[in-house]
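Worksheet: one structure, shown below.
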Amino acid sequence: MSLDATLELKHRAGIAPYQKRLRGLTQKGAQWSAKCPFHADKTPSFSIYPAKDDPNVLLFSCHPCSKHGDVLKFIELADKVPFKQALETLRTEVGVKAESPKSTEEPSFKIDQAAAIKRLPEIAKFLESRGISMAVAEQAGLGAVNYPGLGLAVTIPYGVKSASDVPVYKIRAINPPTDSDGRVQKFRHIKGAPSDDLLYGFEALRKEALLNPEVWVTESELDACMLRSHGLNAVSVSSATSSLDKEGKLKYDESVFKELCDIAEQIFIVTDMDEPGDKNWAAWSKQLPEYKTFRVRWQFRGKDSGDAKDVGDLYKQDPAGFYDKLLGLAETAVKNPPWRSAFRTGSQLADGEIKMLIKGILPEGVTFLGSLSGVGKTWLALSMAKALTTHKPFLGTFEVPEQCNVLYLVPEMGDRSLRQRLERLGMPMDEWFYCQTLRDGVCDLKSADLLAAIRNLKPVVFLDTAIRFRTGADENSSSENQMGLASVVLALVRAGAPSVICLHHSPKSSGASDNITMTLENVLRGTGDFGAMCDAVWGIAFDKKKDGARWVDEYTEESRNLTRLFVMCVKPRDFEPVDPFRIQGRPYIDEQGDFVILSGEVENEPVVADTRFDQAIGLLTADPKTSLRKLVRETGISLQRLRTRLGGEGWCFDSEQGLWVHSNVSMES
């Protein structure tokens with residue numbers, strides 16, 4: 001396809017190919033925007049706009065991921081196809097018939113090396129612009145020919161013959177032409193003499209590396225000659241892509257890698273700063289020892305950024321300072337090998353105090369709440385969730401430094417049961433609190449949806465109960481839990497959850513006899529892996545006696561009705577927990593929407609007064625038009641309980657006036 005035909009194809013394409021492959025595409029003037037399909041884009045950063053030199057051609061770019069180009073490049077990336085297939089796809093989408101295919105077979109061409117070398121002065125200025133000295137050019141046997149379809153070109157001999165006994169050459173055009181498909185044509189090979197499995201300059205390296213045991217691997221034979229002109233030992237792959245097989249391994253014989261390791265003390269890979277160059281580096285890193293192989297890198301933000309893509313471009317940017325800059329980059333590569341980014345020194349660790357989501361109670365990381373079944377840990381967990389989502393003190397006492405989203409996963413409880421508890425606690429219903437219940441099944445803790453929610457919401461995650469999410473068959477198996485629940489819970493923290501709170505059962509034997517002291521071992525049932533991964537473990541038990549940190553087995557009807565609990569931290573990691581405390585649920589959950597902390601040692605001791613209803617009355621007095629929803633949001637009292645309490649106190653809402661009234665006296669004034 002001619003260049004003019006390709007341009008006409010881009011003109012006819014318009015916005016349609018983009019619309020077909022993008023969601024949420026919006027237009028503003030002559031430009032369009034959408035979320036980038038090539039990276040995790042939270043806000044639309046993918047732009048489509050007319051080219052400056054030809055407004056009929058629509059280009060695209062995404063600054064965060066550096067993807068850019070024309071519609072053909074977009075189809076290549078979006079459909080994950082090579083250029084020619086993208087061209088055929090665009091032809092089909094705009095209704096243009098394909099031209100008859102042309103032969104791509106290399107022409108028969110025999111190079112007269114002696115004659116080519118004699119013509120070397122004809123390309124002296126080109127070689128000089130590439131930083132190649134004439135001495136190195138002559139040593140490498142470079143020459144000049146007029147090659148069919150390329151014009152004046154450099155001949156680059158590999159110094160070996162192919163299996164068909166044909167000398168291997170690379171031919172590089174001085175002024176590369178554009179082919180019928182609109183692509184720049186730089187290189188050719190002699191027919192029957194491929195170079196994919198050959199390392200250019202390897203024969204010369206055998207002779208020269210004795211005096212200088214450092215070797216540089218480039219992605220261009222001419223760049224290898226340029227480095228040799230600067231006194232460096234250099235070899236080159238024929239192409240970053242063609243030198244790899246289908247499995248991504250280099251095609252060279254194993255003896256090449258062995259000999260290279262014997263010759264070189266340090267090997268610097270300077271393939272291009274793009275995806276093919278990185279893949280080629282990855283192949284080298286697998287074949288050569290890590291301790292002597294280094295990837296030399298510099299910033300490259302795309303072809304239109306002005307950054308150097310390859311080592312040849314790096315030379316052109318600053319010929320005088322190139323050598324020192326390259327050696328500086330190599331020194332940085334040695335000091336920062338690939339493994340270095342996987343580890344941090346002590347000075348690189350986050351500093352400061354342990355971050356507490358609830359002061360003295362909930363640190364960042366993993367927390368377990370352990371108790372026997374039916375004691376009330378779900379109520380207590382929901383009370384914690386209430387404090388986190390409303391930014392109000394936990395149990396009216398323990399400070400919550402900042403408001404947090406909560407993701408509550410409870411596969412053992414139905415929708416209605418959970419909703420009733422939320423309403424009784426006065427929880428936010430439309431924001432901050434998210435959940436899954438029995439209806440949704442057990443959430444896969446490795447699912448993409450869960451990880452996306454964590455990345456976006458940064459929620460405190462509750463697992464009620466945690467054992468329902470384990471992947472191991474035996475909860476007492478250390479190895480299975482290490483591979484199962486423990487690993488996925490820690491993965492949630494790494495994904496961005498500031499804290500994961502796991503509700504877990506205590507051993508049944510812990511309540512079999514009176515006065516058993518709370519310990520990590522009798523608070524959490526199962527393997528010690530659970531305790532090992534925790535930043536905090538809280539034990540919860542019915543509390544009827546006045547014997548301090550003791551479990552009791554007298555689960556009487558009276559204690560169940562009171563829901564009086566004893567709470568104690570049995571494992572704090574690097575933070576000072578609050579002292580053990582006692583709380584009472586019923587009747588206060590029904591009356592005040594939460595547990596109340598008990599104080600003193602009297603059996604029927606007084607509790608901290610709930611002033612939230614007084615706060616509600618104050619809001620109504622200040623603004624009689626205040627809605628029930630606002631009262632619930634401001635006070636934390638559940639909707640049903642607030643409505644009942646207000647009615648019992650003589651308050652009602654006059655819908656005609658839109659005002660709250662009390663004892664038949666309007667509050668309008």
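In the structure tokens, the first chain shown is A, the next is B, and so on; residue numbers restart at 1 for each chain, and ligands run from 1 in the order shown.
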Extract, using only C-alpha atoms, all DNA, RNA and protein residues at most 12 Å from Arg228 in chain A, discarding same-chain residues fewer than 3 positions from it, and format them as a PyMOL selection string.
chain A and resi 130-137+139-140+201+204-205+208-209+212+214-218+221-225+231-236+323
Output of the above residues as an mmCIF file, in the first residue's frame, restricted to N, CA and C atoms:
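Listing of out30.cif after writing:
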data_model
loop_
_atom_site.group_PDB
_atom_site.id
_atom_site.type_symbol
_atom_site.label_atom_id
_atom_site.label_comp_id
_atom_site.auth_asym_id
_atom_site.auth_seq_id
_atom_site.Cartn_x
_atom_site.Cartn_y
_atom_site.Cartn_z
ATOM 1 N N ARG A 130 27.552 9.120 13.440
ATOM 2 C CA ARG A 130 27.188 8.045 14.364
ATOM 3 C C ARG A 130 28.276 7.783 15.396
ATOM 4 N N GLY A 131 29.343 8.578 15.381
ATOM 5 C CA GLY A 131 30.422 8.421 16.358
ATOM 6 C C GLY A 131 31.360 7.288 16.051
ATOM 7 N N ILE A 132 31.424 6.843 14.789
ATOM 8 C CA ILE A 132 32.268 5.707 14.401
ATOM 9 C C ILE A 132 33.525 6.240 13.717
ATOM 10 N N SER A 133 34.667 5.915 14.270
ATOM 11 C CA SER A 133 35.930 6.356 13.676
ATOM 12 C C SER A 133 36.235 5.533 12.432
ATOM 13 N N MET A 134 37.012 6.111 11.511
ATOM 14 C CA MET A 134 37.366 5.387 10.294
ATOM 15 C C MET A 134 38.246 4.184 10.624
ATOM 16 N N ALA A 135 39.042 4.302 11.691
ATOM 17 C CA ALA A 135 39.907 3.176 12.065
ATOM 18 C C ALA A 135 39.066 1.967 12.460
ATOM 19 N N VAL A 136 38.037 2.204 13.257
ATOM 20 C CA VAL A 136 37.159 1.100 13.668
ATOM 21 C C VAL A 136 36.349 0.603 12.486
ATOM 22 N N ALA A 137 35.901 1.512 11.614
ATOM 23 C CA ALA A 137 35.138 1.116 10.430
ATOM 24 C C ALA A 137 35.963 0.184 9.554
ATOM 25 N N GLN A 139 38.583 -1.586 10.535
ATOM 26 C CA GLN A 139 38.823 -2.818 11.291
ATOM 27 C C GLN A 139 37.624 -3.749 11.229
ATOM 28 N N ALA A 140 36.408 -3.160 11.237
ATOM 29 C CA ALA A 140 35.187 -3.966 11.192
ATOM 30 C C ALA A 140 34.830 -4.395 9.771
ATOM 31 N N GLY A 201 30.160 -9.073 16.250
ATOM 32 C CA GLY A 201 31.369 -8.627 16.932
ATOM 33 C C GLY A 201 31.953 -9.635 17.902
ATOM 34 N N ALA A 204 35.642 -10.665 17.077
ATOM 35 C CA ALA A 204 36.616 -9.631 17.442
ATOM 36 C C ALA A 204 36.782 -9.552 18.954
ATOM 37 N N LEU A 205 35.709 -9.809 19.691
ATOM 38 C CA LEU A 205 35.750 -9.732 21.148
ATOM 39 C C LEU A 205 36.730 -10.733 21.728
ATOM 40 N N GLU A 208 40.076 -9.017 21.733
ATOM 41 C CA GLU A 208 40.268 -7.708 22.352
ATOM 42 C C GLU A 208 39.942 -7.669 23.847
ATOM 43 N N ALA A 209 39.181 -8.625 24.363
ATOM 44 C CA ALA A 209 38.687 -8.546 25.736
ATOM 45 C C ALA A 209 39.742 -8.838 26.787
ATOM 46 N N ASN A 212 40.693 -5.478 28.260
ATOM 47 C CA ASN A 212 39.572 -4.753 28.873
ATOM 48 C C ASN A 212 38.423 -5.740 29.071
ATOM 49 N N GLU A 214 35.490 -5.688 30.249
ATOM 50 C CA GLU A 214 34.098 -5.239 30.275
ATOM 51 C C GLU A 214 33.513 -5.362 28.871
ATOM 52 N N VAL A 215 32.271 -5.865 28.786
ATOM 53 C CA VAL A 215 31.617 -6.070 27.493
ATOM 54 C C VAL A 215 30.266 -5.359 27.490
ATOM 55 N N TRP A 216 29.974 -4.699 26.360
ATOM 56 C CA TRP A 216 28.713 -3.983 26.187
ATOM 57 C C TRP A 216 27.911 -4.661 25.090
ATOM 58 N N VAL A 217 26.621 -4.917 25.349
ATOM 59 C CA VAL A 217 25.735 -5.563 24.373
ATOM 60 C C VAL A 217 24.725 -4.529 23.897
ATOM 61 N N THR A 218 24.721 -4.222 22.601
ATOM 62 C CA THR A 218 23.826 -3.219 22.027
ATOM 63 C C THR A 218 22.766 -3.877 21.153
ATOM 64 N N GLU A 221 24.423 -2.983 15.194
ATOM 65 C CA GLU A 221 25.814 -3.236 14.842
ATOM 66 C C GLU A 221 26.609 -1.934 14.771
ATOM 67 N N LEU A 222 25.991 -0.867 14.238
ATOM 68 C CA LEU A 222 26.685 0.416 14.138
ATOM 69 C C LEU A 222 26.907 1.026 15.526
ATOM 70 N N ASP A 223 25.946 0.819 16.452
ATOM 71 C CA ASP A 223 26.149 1.299 17.821
ATOM 72 C C ASP A 223 27.293 0.543 18.491
ATOM 73 N N ALA A 224 27.431 -0.741 18.170
ATOM 74 C CA ALA A 224 28.558 -1.510 18.704
ATOM 75 C C ALA A 224 29.876 -0.931 18.187
ATOM 76 N N CYS A 225 29.894 -0.549 16.894
ATOM 77 C CA CYS A 225 31.093 0.072 16.336
ATOM 78 C C CYS A 225 31.362 1.429 16.985
ATOM 79 N N GLY A 231 36.632 3.034 22.710
ATOM 80 C CA GLY A 231 37.519 2.197 23.504
ATOM 81 C C GLY A 231 36.818 1.130 24.323
ATOM 82 N N LEU A 232 35.556 0.856 24.024
ATOM 83 C CA LEU A 232 34.797 -0.139 24.776
ATOM 84 C C LEU A 232 34.610 -1.397 23.938
ATOM 85 N N ASN A 233 34.639 -2.548 24.588
ATOM 86 C CA ASN A 233 34.361 -3.803 23.892
ATOM 87 C C ASN A 233 32.856 -3.950 23.723
ATOM 88 N N ALA A 234 32.390 -4.113 22.500
ATOM 89 C CA ALA A 234 30.947 -4.149 22.266
ATOM 90 C C ALA A 234 30.580 -5.197 21.239
ATOM 91 N N VAL A 235 29.448 -5.830 21.480
ATOM 92 C CA VAL A 235 28.827 -6.755 20.538
ATOM 93 C C VAL A 235 27.376 -6.304 20.358
ATOM 94 N N SER A 236 26.666 -6.915 19.413
ATOM 95 C CA SER A 236 25.289 -6.492 19.172
ATOM 96 C C SER A 236 24.418 -7.666 18.764
ATOM 97 N N TYR A 323 30.838 9.721 26.613
ATOM 98 C CA TYR A 323 31.618 8.670 27.271
ATOM 99 C C TYR A 323 31.452 8.732 28.790
#
Excluding Lys118 in chain A and residues on its chain fewer than 2 positions from it, collect all residues at most 10 Å away from it, counting only C-alpha atoms, and give them as a ChimeraX atom specification.
/A:113-116,120-122,138,142-144
Per residue of range 197-308 of chain A within 10 Å of range 337-361 of chain A, what are the shortest atom pair and its distance in Å to one decimal, counting only C-alpha atoms, with rows by chain and residue number, as CSV?
residue,atom,partner,partner_atom,distance
A:Ser285,CA,A:Pro338,CA,9.6
A:Glu290,CA,A:Pro337,CA,8.3
A:Tyr291,CA,A:Pro337,CA,8.4
A:Lys292,CA,A:Pro337,CA,9.6
A:Thr293,CA,A:Pro337,CA,8.5
A:Phe294,CA,A:Pro337,CA,6.4
A:Arg295,CA,A:Pro337,CA,7.7
A:Val296,CA,A:Pro337,CA,9.6
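Across A:Gln436, A:Gln266, A:Gln584, A:Ser417, the tightest approach to Val375 in chain A is made by A:Gln584 when counting only C-alpha atoms.
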Set the distance at 12 Å and use only C-alpha atoms: which residues neighbour Leu457 in chain A once local chain neighbours fewer than 6 positions away are removed? I'd like the list as a VMD selection string.
chain A and resid 403 to 407 431 to 434 449 to 451 495 to 498
Of the candidates A:Pro276, A:Ser238, A:Val366, A:Glu219, which one gets nearest to Val311 in chain A if we count only C-alpha atoms?
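Using only C-alpha atoms, the shortest distance to Val311 in chain A belongs to A:Glu219.
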Kindly give the distance, in Å, that separates CA of Thr378 in chain A and CA of Phe566 in chain A, rounded to a single decimal.
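Here the two named atoms are 14.6 Å from each other.
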Find the residues around Val410 in chain A up to 12 Å (only C-alpha atoms counted), leave out those fewer than 2 positions away in its own chain, and share them as a PyMOL selection string.
chain A and resi 378+381-382+407-408+412-415+417-419+434-443+461-469+501-503
How many Å lie between CA of Phe542 in chain A and CA of Leu565 in chain A, rounded to one decimal?
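About the pair CA of Phe542 in chain A and CA of Leu565 in chain A: they are 4.5 Å apart.
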Any chance you could list, as a count of residues only, the residues in range 422-451 of chain A that come up alpha helix (DSSP H) when DSSP is run on the backbone?
8
Go through A:Lys316, A:Lys10, A:Lys392, A:Lys309 and flag the residue nearest Ser129 in chain A, using only C-alpha atoms for the distances.
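Nearest candidate to Ser129 in chain A out of A:Lys316, A:Lys10, A:Lys392, A:Lys309: A:Lys316.
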Find the residues around Val145 in chain A up to 9 Å (only C-alpha atoms counted), leave out those fewer than 3 positions away in its own chain, and share them as an MDAnalysis selection string.
chainID A and resid 111:112 115:116 119 151:155 171
Create the file for the chosen residues now, containing N, CA, C and O atoms and written as a PDB file, in the first residue's frame.
ATOM      1  N   ILE A 111      27.621  -9.377  -2.479  1.00  0.00           N
ATOM      2  CA  ILE A 111      28.461  -8.251  -2.100  1.00  0.00           C
ATOM      3  C   ILE A 111      29.925  -8.564  -2.414  1.00  0.00           C
ATOM      4  O   ILE A 111      30.449  -9.613  -2.020  1.00  0.00           O
ATOM      5  N   ASP A 112      30.548  -7.640  -3.109  1.00  0.00           N
ATOM      6  CA  ASP A 112      31.992  -7.700  -3.335  1.00  0.00           C
ATOM      7  C   ASP A 112      32.622  -6.903  -2.203  1.00  0.00           C
ATOM      8  O   ASP A 112      32.629  -5.665  -2.223  1.00  0.00           O
ATOM      9  N   ALA A 115      35.379  -4.330  -3.001  1.00  0.00           N
ATOM     10  CA  ALA A 115      34.858  -3.132  -3.678  1.00  0.00           C
ATOM     11  C   ALA A 115      34.077  -2.269  -2.706  1.00  0.00           C
ATOM     12  O   ALA A 115      34.138  -1.028  -2.766  1.00  0.00           O
ATOM     13  N   ALA A 116      33.326  -2.898  -1.791  1.00  0.00           N
ATOM     14  CA  ALA A 116      32.540  -2.146  -0.815  1.00  0.00           C
ATOM     15  C   ALA A 116      33.453  -1.359   0.120  1.00  0.00           C
ATOM     16  O   ALA A 116      33.173  -0.199   0.466  1.00  0.00           O
ATOM     17  N   ARG A 119      34.769   1.850  -1.241  1.00  0.00           N
ATOM     18  CA  ARG A 119      33.785   2.950  -1.293  1.00  0.00           C
ATOM     19  C   ARG A 119      33.510   3.530   0.108  1.00  0.00           C
ATOM     20  O   ARG A 119      32.630   4.369   0.267  1.00  0.00           O
ATOM     21  N   GLY A 151      19.036   2.017  -1.881  1.00  0.00           N
ATOM     22  CA  GLY A 151      19.967   3.042  -2.314  1.00  0.00           C
ATOM     23  C   GLY A 151      21.312   2.858  -1.645  1.00  0.00           C
ATOM     24  O   GLY A 151      21.717   1.733  -1.312  1.00  0.00           O
ATOM     25  N   LEU A 152      22.033   3.979  -1.427  1.00  0.00           N
ATOM     26  CA  LEU A 152      23.341   3.899  -0.802  1.00  0.00           C
ATOM     27  C   LEU A 152      23.200   3.347   0.612  1.00  0.00           C
ATOM     28  O   LEU A 152      22.389   3.822   1.401  1.00  0.00           O
ATOM     29  N   ALA A 153      24.019   2.334   0.919  1.00  0.00           N
ATOM     30  CA  ALA A 153      23.882   1.649   2.200  1.00  0.00           C
ATOM     31  C   ALA A 153      25.235   1.211   2.729  1.00  0.00           C
ATOM     32  O   ALA A 153      26.211   1.080   1.976  1.00  0.00           O
ATOM     33  N   VAL A 154      25.283   0.985   4.062  1.00  0.00           N
ATOM     34  CA  VAL A 154      26.485   0.475   4.726  1.00  0.00           C
ATOM     35  C   VAL A 154      26.433  -1.046   4.709  1.00  0.00           C
ATOM     36  O   VAL A 154      25.401  -1.645   5.042  1.00  0.00           O
ATOM     37  N   THR A 155      27.536  -1.670   4.341  1.00  0.00           N
ATOM     38  CA  THR A 155      27.621  -3.130   4.446  1.00  0.00           C
ATOM     39  C   THR A 155      28.327  -3.466   5.762  1.00  0.00           C
ATOM     40  O   THR A 155      29.389  -2.922   6.069  1.00  0.00           O
ATOM     41  N   ILE A 171      22.801  -5.006   5.860  1.00  0.00           N
ATOM     42  CA  ILE A 171      22.887  -3.829   5.001  1.00  0.00           C
ATOM     43  C   ILE A 171      22.004  -2.752   5.601  1.00  0.00           C
ATOM     44  O   ILE A 171      20.805  -2.984   5.818  1.00  0.00           O
TER      45      ILE A 171
END
Could you tell me how far CA of Gly321 in chain A lies from CA of Val334 in chain A, in Å and to one decimal?
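Distance reported for this atom pair: 20.3 Å.
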